[in-house]
$ cat data-v6.cif   # mmCIF, N, CA and C atoms and all ligand atoms
data_structure
#
loop_
_atom_site.group_PDB
_atom_site.id
_atom_site.type_symbol
_atom_site.label_atom_id
_atom_site.label_comp_id
_atom_site.auth_asym_id
_atom_site.auth_seq_id
_atom_site.Cartn_x
_atom_site.Cartn_y
_atom_site.Cartn_z
ATOM 1 N N MET A 13 93.899 85.420 98.047
ATOM 2 C CA MET A 13 93.019 84.863 97.012
ATOM 3 C C MET A 13 93.745 84.797 95.673
ATOM 4 N N ALA A 14 93.555 83.743 94.962
ATOM 5 C CA ALA A 14 94.290 83.541 93.706
ATOM 6 C C ALA A 14 93.903 84.556 92.652
ATOM 7 N N ASP A 15 92.629 84.920 92.625
ATOM 8 C CA ASP A 15 92.192 85.826 91.555
ATOM 9 C C ASP A 15 92.237 87.303 91.983
ATOM 10 N N GLU A 16 92.775 87.574 93.169
ATOM 11 C CA GLU A 16 92.837 88.957 93.636
ATOM 12 C C GLU A 16 93.841 89.757 92.805
ATOM 13 N N GLN A 17 93.393 90.911 92.329
ATOM 14 C CA GLN A 17 94.283 91.761 91.544
ATOM 15 C C GLN A 17 95.323 92.392 92.448
ATOM 16 N N LYS A 18 96.498 92.581 91.936
ATOM 17 C CA LYS A 18 97.562 93.234 92.718
ATOM 18 C C LYS A 18 97.406 94.751 92.623
ATOM 19 N N ILE A 19 97.932 95.438 93.653
ATOM 20 C CA ILE A 19 97.945 96.899 93.650
ATOM 21 C C ILE A 19 98.905 97.375 92.564
ATOM 22 N N LYS A 20 98.415 98.212 91.689
ATOM 23 C CA LYS A 20 99.247 98.672 90.578
ATOM 24 C C LYS A 20 99.568 100.155 90.658
ATOM 25 N N ILE A 21 98.706 100.915 91.340
ATOM 26 C CA ILE A 21 98.895 102.365 91.382
ATOM 27 C C ILE A 21 98.880 102.814 92.840
ATOM 28 N N ILE A 22 99.921 103.528 93.258
ATOM 29 C CA ILE A 22 99.942 104.105 94.603
ATOM 30 C C ILE A 22 100.058 105.619 94.456
ATOM 31 N N LEU A 23 99.066 106.325 94.969
ATOM 32 C CA LEU A 23 99.051 107.787 94.916
ATOM 33 C C LEU A 23 99.181 108.324 96.328
ATOM 34 N N THR A 24 99.899 109.414 96.491
ATOM 35 C CA THR A 24 100.058 109.996 97.816
ATOM 36 C C THR A 24 99.503 111.418 97.823
ATOM 37 N N GLY A 25 99.114 111.866 99.005
ATOM 38 C CA GLY A 25 98.606 113.220 99.126
ATOM 39 C C GLY A 25 98.707 113.690 100.559
ATOM 40 N N THR A 26 98.515 114.984 100.750
ATOM 41 C CA THR A 26 98.519 115.563 102.089
ATOM 42 C C THR A 26 97.412 116.604 102.163
ATOM 43 N N CYS A 27 97.099 116.996 103.395
ATOM 44 C CA CYS A 27 96.234 118.158 103.567
ATOM 45 C C CYS A 27 97.060 119.408 103.270
ATOM 46 N N PHE A 28 96.449 120.564 103.352
ATOM 47 C CA PHE A 28 97.119 121.820 103.007
ATOM 48 C C PHE A 28 98.368 122.058 103.848
ATOM 49 N N CYS A 29 98.302 121.768 105.162
ATOM 50 C CA CYS A 29 99.440 122.073 106.049
ATOM 51 C C CYS A 29 100.419 120.917 106.181
ATOM 52 N N GLY A 30 100.070 119.736 105.677
ATOM 53 C CA GLY A 30 100.982 118.599 105.740
ATOM 54 C C GLY A 30 100.835 117.757 106.993
ATOM 55 N N ASN A 31 99.908 118.116 107.874
ATOM 56 C CA ASN A 31 99.670 117.340 109.099
ATOM 57 C C ASN A 31 99.170 115.932 108.769
ATOM 58 N N LEU A 32 98.303 115.818 107.783
ATOM 59 C CA LEU A 32 97.761 114.523 107.371
ATOM 60 C C LEU A 32 98.419 114.100 106.063
ATOM 61 N N LYS A 33 98.932 112.876 106.051
ATOM 62 C CA LYS A 33 99.477 112.310 104.820
ATOM 63 C C LYS A 33 98.712 111.022 104.538
ATOM 64 N N TYR A 34 98.331 110.838 103.298
ATOM 65 C CA TYR A 34 97.543 109.646 102.972
ATOM 66 C C TYR A 34 98.025 109.015 101.679
ATOM 67 N N GLN A 35 97.586 107.778 101.466
ATOM 68 C CA GLN A 35 97.901 107.059 100.232
ATOM 69 C C GLN A 35 96.652 106.364 99.719
ATOM 70 N N LEU A 36 96.621 106.218 98.413
ATOM 71 C CA LEU A 36 95.605 105.410 97.753
ATOM 72 C C LEU A 36 96.308 104.236 97.099
ATOM 73 N N HIS A 37 95.799 103.043 97.354
ATOM 74 C CA HIS A 37 96.357 101.835 96.741
ATOM 75 C C HIS A 37 95.297 101.281 95.789
ATOM 76 N N LEU A 38 95.496 101.520 94.515
ATOM 77 C CA LEU A 38 94.487 101.145 93.523
ATOM 78 C C LEU A 38 94.936 99.949 92.690
ATOM 79 N N LYS A 39 93.976 99.112 92.361
ATOM 80 C CA LYS A 39 94.278 97.955 91.518
ATOM 81 C C LYS A 39 94.264 98.332 90.046
ATOM 82 N N SER A 40 93.546 99.410 89.733
ATOM 83 C CA SER A 40 93.466 99.859 88.347
ATOM 84 C C SER A 40 93.051 101.325 88.360
ATOM 85 N N LYS A 41 93.338 102.045 87.279
ATOM 86 C CA LYS A 41 92.925 103.444 87.215
ATOM 87 C C LYS A 41 91.396 103.549 87.214
ATOM 88 N N ASP A 42 90.712 102.490 86.862
ATOM 89 C CA ASP A 42 89.252 102.489 86.880
ATOM 90 C C ASP A 42 88.687 102.465 88.304
ATOM 91 N N ASP A 43 89.548 102.234 89.307
ATOM 92 C CA ASP A 43 89.106 102.255 90.708
ATOM 93 C C ASP A 43 88.867 103.677 91.197
ATOM 94 N N ALA A 44 89.348 104.687 90.476
ATOM 95 C CA ALA A 44 89.181 106.087 90.883
ATOM 96 C C ALA A 44 88.283 106.790 89.869
ATOM 97 N N ARG A 45 87.279 107.479 90.387
ATOM 98 C CA ARG A 45 86.281 108.090 89.516
ATOM 99 C C ARG A 45 85.979 109.492 90.040
ATOM 100 N N THR A 46 86.167 110.497 89.195
ATOM 101 C CA THR A 46 85.893 111.874 89.599
ATOM 102 C C THR A 46 84.387 112.108 89.597
ATOM 103 N N SER A 47 83.925 112.839 90.604
ATOM 104 C CA SER A 47 82.491 113.057 90.733
ATOM 105 C C SER A 47 82.202 114.486 91.199
ATOM 106 N N LEU A 48 81.255 115.109 90.544
ATOM 107 C CA LEU A 48 80.735 116.398 91.006
ATOM 108 C C LEU A 48 79.419 116.100 91.702
ATOM 109 N N CYS A 49 79.377 116.350 93.009
ATOM 110 C CA CYS A 49 78.166 116.014 93.761
ATOM 111 C C CYS A 49 77.456 117.291 94.198
ATOM 112 N N HIS A 50 76.160 117.325 94.002
ATOM 113 C CA HIS A 50 75.358 118.495 94.347
ATOM 114 C C HIS A 50 74.501 118.276 95.585
ATOM 115 N N CYS A 51 74.798 117.252 96.378
ATOM 116 C CA CYS A 51 73.986 117.028 97.581
ATOM 117 C C CYS A 51 74.281 118.132 98.607
ATOM 118 N N SER A 52 73.361 118.333 99.545
ATOM 119 C CA SER A 52 73.512 119.439 100.496
ATOM 120 C C SER A 52 74.737 119.248 101.381
ATOM 121 N N SER A 53 75.088 118.013 101.678
ATOM 122 C CA SER A 53 76.237 117.731 102.527
ATOM 123 C C SER A 53 77.540 118.147 101.831
ATOM 124 N N CYS A 54 77.682 117.832 100.554
ATOM 125 C CA CYS A 54 78.892 118.230 99.804
ATOM 126 C C CYS A 54 78.941 119.746 99.644
ATOM 127 N N LYS A 55 77.804 120.370 99.430
ATOM 128 C CA LYS A 55 77.793 121.832 99.290
ATOM 129 C C LYS A 55 78.333 122.483 100.558
ATOM 130 N N LYS A 56 77.935 121.963 101.721
ATOM 131 C CA LYS A 56 78.406 122.539 102.987
ATOM 132 C C LYS A 56 79.890 122.242 103.191
ATOM 133 N N ALA A 57 80.315 121.009 102.901
ATOM 134 C CA ALA A 57 81.718 120.643 103.124
ATOM 135 C C ALA A 57 82.650 121.477 102.250
ATOM 136 N N PHE A 58 82.217 121.792 101.030
ATOM 137 C CA PHE A 58 83.062 122.528 100.102
ATOM 138 C C PHE A 58 82.765 124.027 100.079
ATOM 139 N N GLY A 59 81.661 124.433 100.686
ATOM 140 C CA GLY A 59 81.314 125.846 100.722
ATOM 141 C C GLY A 59 80.993 126.406 99.360
ATOM 142 N N GLY A 60 80.374 125.621 98.504
ATOM 143 C CA GLY A 60 80.053 126.088 97.160
ATOM 144 C C GLY A 60 78.814 125.406 96.619
ATOM 145 N N ALA A 61 78.669 125.459 95.295
ATOM 146 C CA ALA A 61 77.475 124.922 94.650
ATOM 147 C C ALA A 61 77.545 123.409 94.445
ATOM 148 N N PHE A 62 78.729 122.831 94.660
ATOM 149 C CA PHE A 62 78.886 121.382 94.504
ATOM 150 C C PHE A 62 80.157 120.946 95.225
ATOM 151 N N GLY A 63 80.319 119.648 95.374
ATOM 152 C CA GLY A 63 81.557 119.092 95.899
ATOM 153 C C GLY A 63 82.274 118.351 94.786
ATOM 154 N N LEU A 64 83.586 118.502 94.726
ATOM 155 C CA LEU A 64 84.386 117.784 93.736
ATOM 156 C C LEU A 64 85.132 116.680 94.469
ATOM 157 N N THR A 65 84.834 115.443 94.162
ATOM 158 C CA THR A 65 85.427 114.326 94.888
ATOM 159 C C THR A 65 85.975 113.279 93.920
ATOM 160 N N ILE A 66 86.824 112.437 94.450
ATOM 161 C CA ILE A 66 87.293 111.256 93.723
ATOM 162 C C ILE A 66 86.775 110.051 94.481
ATOM 163 N N LYS A 67 85.970 109.246 93.834
ATOM 164 C CA LYS A 67 85.425 108.057 94.487
ATOM 165 C C LYS A 67 86.402 106.894 94.293
ATOM 166 N N VAL A 68 86.763 106.275 95.421
ATOM 167 C CA VAL A 68 87.664 105.116 95.386
ATOM 168 C C VAL A 68 87.121 104.066 96.354
ATOM 169 N N PRO A 69 87.541 102.810 96.218
ATOM 170 C CA PRO A 69 87.129 101.810 97.218
ATOM 171 C C PRO A 69 87.655 102.227 98.593
ATOM 172 N N LEU A 70 86.827 102.082 99.637
ATOM 173 C CA LEU A 70 87.212 102.540 100.973
ATOM 174 C C LEU A 70 88.518 101.890 101.439
ATOM 175 N N GLU A 71 88.701 100.620 101.120
ATOM 176 C CA GLU A 71 89.907 99.912 101.582
ATOM 177 C C GLU A 71 91.163 100.384 100.851
ATOM 178 N N ALA A 72 90.983 101.171 99.773
ATOM 179 C CA ALA A 72 92.140 101.682 99.023
ATOM 180 C C ALA A 72 92.760 102.895 99.710
ATOM 181 N N PHE A 73 92.037 103.510 100.639
ATOM 182 C CA PHE A 73 92.475 104.755 101.277
ATOM 183 C C PHE A 73 93.062 104.469 102.647
ATOM 184 N N ARG A 74 94.243 105.044 102.935
ATOM 185 C CA ARG A 74 94.822 104.902 104.274
ATOM 186 C C ARG A 74 95.676 106.111 104.624
ATOM 187 N N TYR A 75 95.650 106.458 105.912
ATOM 188 C CA TYR A 75 96.513 107.539 106.390
ATOM 189 C C TYR A 75 97.903 106.985 106.650
ATOM 190 N N ARG A 76 98.906 107.763 106.278
ATOM 191 C CA ARG A 76 100.299 107.397 106.556
ATOM 192 C C ARG A 76 100.822 108.178 107.760
ATOM 193 N N GLU A 77 100.230 109.342 107.988
ATOM 194 C CA GLU A 77 100.667 110.189 109.094
ATOM 195 C C GLU A 77 99.505 111.074 109.532
ATOM 196 N N GLY A 78 99.427 111.336 110.821
ATOM 197 C CA GLY A 78 98.422 112.254 111.337
ATOM 198 C C GLY A 78 97.113 111.565 111.634
ATOM 199 N N LYS A 79 96.288 112.272 112.401
ATOM 200 C CA LYS A 79 94.988 111.731 112.783
ATOM 201 C C LYS A 79 93.931 112.765 112.409
ATOM 202 N N PRO A 80 92.968 112.387 111.608
ATOM 203 C CA PRO A 80 91.961 113.351 111.159
ATOM 204 C C PRO A 80 90.926 113.630 112.244
ATOM 205 N N THR A 81 90.242 114.741 112.093
ATOM 206 C CA THR A 81 89.083 115.054 112.927
ATOM 207 C C THR A 81 87.849 114.522 112.211
ATOM 208 N N LEU A 82 87.032 113.798 112.946
ATOM 209 C CA LEU A 82 85.873 113.132 112.351
ATOM 210 C C LEU A 82 84.600 113.937 112.594
ATOM 211 N N HIS A 83 83.841 114.152 111.555
ATOM 212 C CA HIS A 83 82.517 114.754 111.684
ATOM 213 C C HIS A 83 81.497 113.717 111.249
ATOM 214 N N MET A 84 80.521 113.462 112.122
ATOM 215 C CA MET A 84 79.496 112.497 111.781
ATOM 216 C C MET A 84 78.192 113.230 111.513
ATOM 217 N N GLY A 85 77.567 112.949 110.410
ATOM 218 C CA GLY A 85 76.288 113.557 110.078
ATOM 219 C C GLY A 85 75.469 112.577 109.273
ATOM 220 N N ASN A 86 74.546 113.114 108.500
ATOM 221 C CA ASN A 86 73.840 112.247 107.559
ATOM 222 C C ASN A 86 73.412 113.105 106.381
ATOM 223 N N ASN A 87 72.927 112.463 105.394
ATOM 224 C CA ASN A 87 72.530 113.135 104.169
ATOM 225 C C ASN A 87 71.044 112.884 103.941
ATOM 226 N N GLY A 88 70.294 112.919 105.045
ATOM 227 C CA GLY A 88 68.878 112.579 104.972
ATOM 228 C C GLY A 88 68.664 111.081 104.993
ATOM 229 N N GLY A 89 69.731 110.324 105.244
ATOM 230 C CA GLY A 89 69.643 108.861 105.258
ATOM 231 C C GLY A 89 70.588 108.299 106.296
ATOM 232 N N PRO A 90 71.329 107.256 105.919
ATOM 233 C CA PRO A 90 72.269 106.644 106.868
ATOM 234 C C PRO A 90 73.393 107.596 107.253
ATOM 235 N N LYS A 91 74.130 107.219 108.303
ATOM 236 C CA LYS A 91 75.237 108.055 108.794
ATOM 237 C C LYS A 91 76.279 108.294 107.713
ATOM 238 N N LEU A 92 76.838 109.494 107.767
ATOM 239 C CA LEU A 92 77.859 109.891 106.800
ATOM 240 C C LEU A 92 79.028 110.464 107.596
ATOM 241 N N TYR A 93 80.214 109.989 107.323
ATOM 242 C CA TYR A 93 81.405 110.431 108.047
ATOM 243 C C TYR A 93 82.272 111.270 107.125
ATOM 244 N N ARG A 94 82.757 112.397 107.647
ATOM 245 C CA ARG A 94 83.695 113.230 106.904
ATOM 246 C C ARG A 94 84.895 113.476 107.794
ATOM 247 N N GLU A 95 86.068 113.442 107.177
ATOM 248 C CA GLU A 95 87.297 113.632 107.944
ATOM 249 C C GLU A 95 88.029 114.871 107.449
ATOM 250 N N PHE A 96 88.524 115.651 108.423
ATOM 251 C CA PHE A 96 89.191 116.923 108.156
ATOM 252 C C PHE A 96 90.519 116.967 108.892
ATOM 253 N N CYS A 97 91.377 117.900 108.491
ATOM 254 C CA CYS A 97 92.571 118.215 109.280
ATOM 255 C C CYS A 97 92.171 119.261 110.312
ATOM 256 N N HIS A 98 92.484 119.006 111.585
ATOM 257 C CA HIS A 98 92.102 119.962 112.637
ATOM 258 C C HIS A 98 92.969 121.215 112.614
ATOM 259 N N ARG A 99 94.135 121.160 111.947
ATOM 260 C CA ARG A 99 95.011 122.333 111.919
ATOM 261 C C ARG A 99 94.636 123.306 110.805
ATOM 262 N N CYS A 100 94.491 122.783 109.582
ATOM 263 C CA CYS A 100 94.287 123.686 108.445
ATOM 264 C C CYS A 100 92.852 123.642 107.910
ATOM 265 N N GLY A 101 92.054 122.668 108.361
ATOM 266 C CA GLY A 101 90.667 122.596 107.925
ATOM 267 C C GLY A 101 90.451 121.871 106.611
ATOM 268 N N SER A 102 91.527 121.337 106.007
ATOM 269 C CA SER A 102 91.352 120.620 104.739
ATOM 270 C C SER A 102 90.380 119.462 104.915
ATOM 271 N N TYR A 103 89.515 119.349 103.967
ATOM 272 C CA TYR A 103 88.562 118.250 103.933
ATOM 273 C C TYR A 103 89.233 117.114 103.180
ATOM 274 N N ILE A 104 89.318 115.933 103.795
ATOM 275 C CA ILE A 104 90.083 114.837 103.208
ATOM 276 C C ILE A 104 89.189 113.768 102.588
ATOM 277 N N CYS A 105 88.242 113.249 103.352
ATOM 278 C CA CYS A 105 87.460 112.143 102.781
ATOM 279 C C CYS A 105 86.084 112.043 103.429
ATOM 280 N N GLU A 106 85.248 111.292 102.765
ATOM 281 C CA GLU A 106 83.874 111.041 103.205
ATOM 282 C C GLU A 106 83.557 109.576 102.944
ATOM 283 N N TYR A 107 82.819 108.979 103.853
ATOM 284 C CA TYR A 107 82.358 107.608 103.621
ATOM 285 C C TYR A 107 81.088 107.377 104.420
ATOM 286 N N GLY A 108 80.302 106.434 103.960
ATOM 287 C CA GLY A 108 79.047 106.132 104.620
ATOM 288 C C GLY A 108 79.105 104.799 105.317
ATOM 289 N N VAL A 109 77.979 104.407 105.853
ATOM 290 C CA VAL A 109 77.866 103.110 106.487
ATOM 291 C C VAL A 109 77.811 102.071 105.377
ATOM 292 N N ARG A 110 78.580 101.020 105.544
ATOM 293 C CA ARG A 110 78.579 99.965 104.520
ATOM 294 C C ARG A 110 77.224 99.248 104.498
ATOM 295 N N ASN A 111 76.793 98.907 103.304
ATOM 296 C CA ASN A 111 75.581 98.106 103.178
ATOM 297 C C ASN A 111 75.874 96.705 103.702
ATOM 298 N N PRO A 112 74.889 96.103 104.374
ATOM 299 C CA PRO A 112 75.111 94.730 104.839
ATOM 300 C C PRO A 112 75.401 93.819 103.647
ATOM 301 N N PRO A 113 76.271 92.805 103.821
ATOM 302 C CA PRO A 113 76.589 91.905 102.700
ATOM 303 C C PRO A 113 75.397 91.070 102.265
HETATM 304 ZN ZN ZN B 1 96.309 120.195 107.579
HETATM 305 ZN ZN ZN B 2 77.481 114.724 98.059
#

$ encode --input "data-v6.cif" --output "structure tokens"
Amino acid sequence: MADEQKIKIILTGTCFCGNLKYQLHLKSKDDARTSLCHCSSCKKAFGGAFGLTIKVPLEAFRYREGKPTLHMGNNGGPKLYREFCHRCGSYICEYGVRNPP
């Protein structure tokens, strides 16, 4: 597409043990937004009073190495997927069912 923005920021990360390696391909720093979530699902995933997450477009996230363990649940609504490292237990990402276009 002619008006599609180019990827300008590439961030890399791993789980605690290094089994999972991932990258974020962002078009702008505004594509990443820090969020403190107090929903019951985040509290359980993080084992605390809230979850600390970075919200990014789903298509910006990709694994470079390793295969995550998938947990499917819900948050009192549509399905919610969370991915973890099966070796070290690091919680990597969460995403929901996409809204119909
Ligand atoms: Zn790991
Ligand atoms: Zn939450």

$ resolve_selection --input "data-v6.cif" --expression "the PyMOL selection byres (((chain A and resi 103-108) around 6.5) and not hetatm)" --output "list in words"
Pro90, Lys91, Leu92, Tyr93, Arg94, Glu95, Phe96, Cys97, Gly101, Ser102, Val109 and Arg110 of chain A

$ residues_near_ligand --input "data-v6.cif" --ligand "ligand ZN 2 (chain B)" --cutoff "7 Å" --atoms "only C-alpha atoms and all ligand atoms" --output "list in words"
Cys49, His50, Cys51, Ser52, Ser53, Cys54 and Gly63 of chain A

$ resolve_selection --input "data-v6.cif" --expression "the PyMOL selection byres (((chain A and resi 79) around 6.5) and not hetatm)" --output "ChimeraX atom specification"
/A:31-32,77-78,80-81,96-98

$ residues_near_point --input "data-v6.cif" --point "(98.6, 104.5, 88.1)" --cutoff "8 Å" --atoms "only N, CA and C atoms" --output "ChimeraX atom specification"
/A:20-23,38-41

$ atom_distance --input "data-v6.cif" --atom1 "atom N of Gln17 in chain A" --atom2 "atom N of Leu64 in chain A"
29.4 Å

$ closest_residue --input "data-v6.cif" --among "A:Lys33, A:Arg74, A:Arg45, A:Lys18" --to "ligand ZN 1 (chain B)" --atoms "only C-alpha atoms and all ligand atoms"
A:Lys33

$ atom_distance --input "data-v6.cif" --atom1 "atom C of Ala44 in chain A" --atom2 "CA of Pro69 in chain A"
9.0 Å

$ atom_distance --input "data-v6.cif" --atom1 "CA of Asp42 in chain A" --atom2 "CA of Ile66 in chain A"
11.3 Å

$ axis_aligned_box --input "data-v6.cif" --around "range 21-38 of chain A" --padding-each-side "3 Å" --output "JSON"
{"center_x": 97.7, "center_y": 111.0, "center_z": 100.2, "size_x": 12.5, "size_y": 28.1, "size_z": 23.8}

$ closest_residue --input "data-v6.cif" --among "A:Ala57, A:Asn86, A:Arg99, A:Leu48" --to "ligand ZN 1 (chain B)" --atoms "only N, CA and C atoms and all ligand atoms"
A:Arg99

$ select_by_dssp --input "data-v6.cif" --residues "chain A" --states "alpha helix (DSSP H)" --output "list in words"
Ser52, Ser53, Cys54, Lys55, Lys56, Ala57 and Phe58 of chain A

$ select_by_dssp --input "data-v6.cif" --residues "chain A" --states "strand (DSSP E or B)" --output "MDAnalysis selection string"
chainID A and resid 21:26 33:38 45:49 63:67 73:77 81:86 91:96 103:108
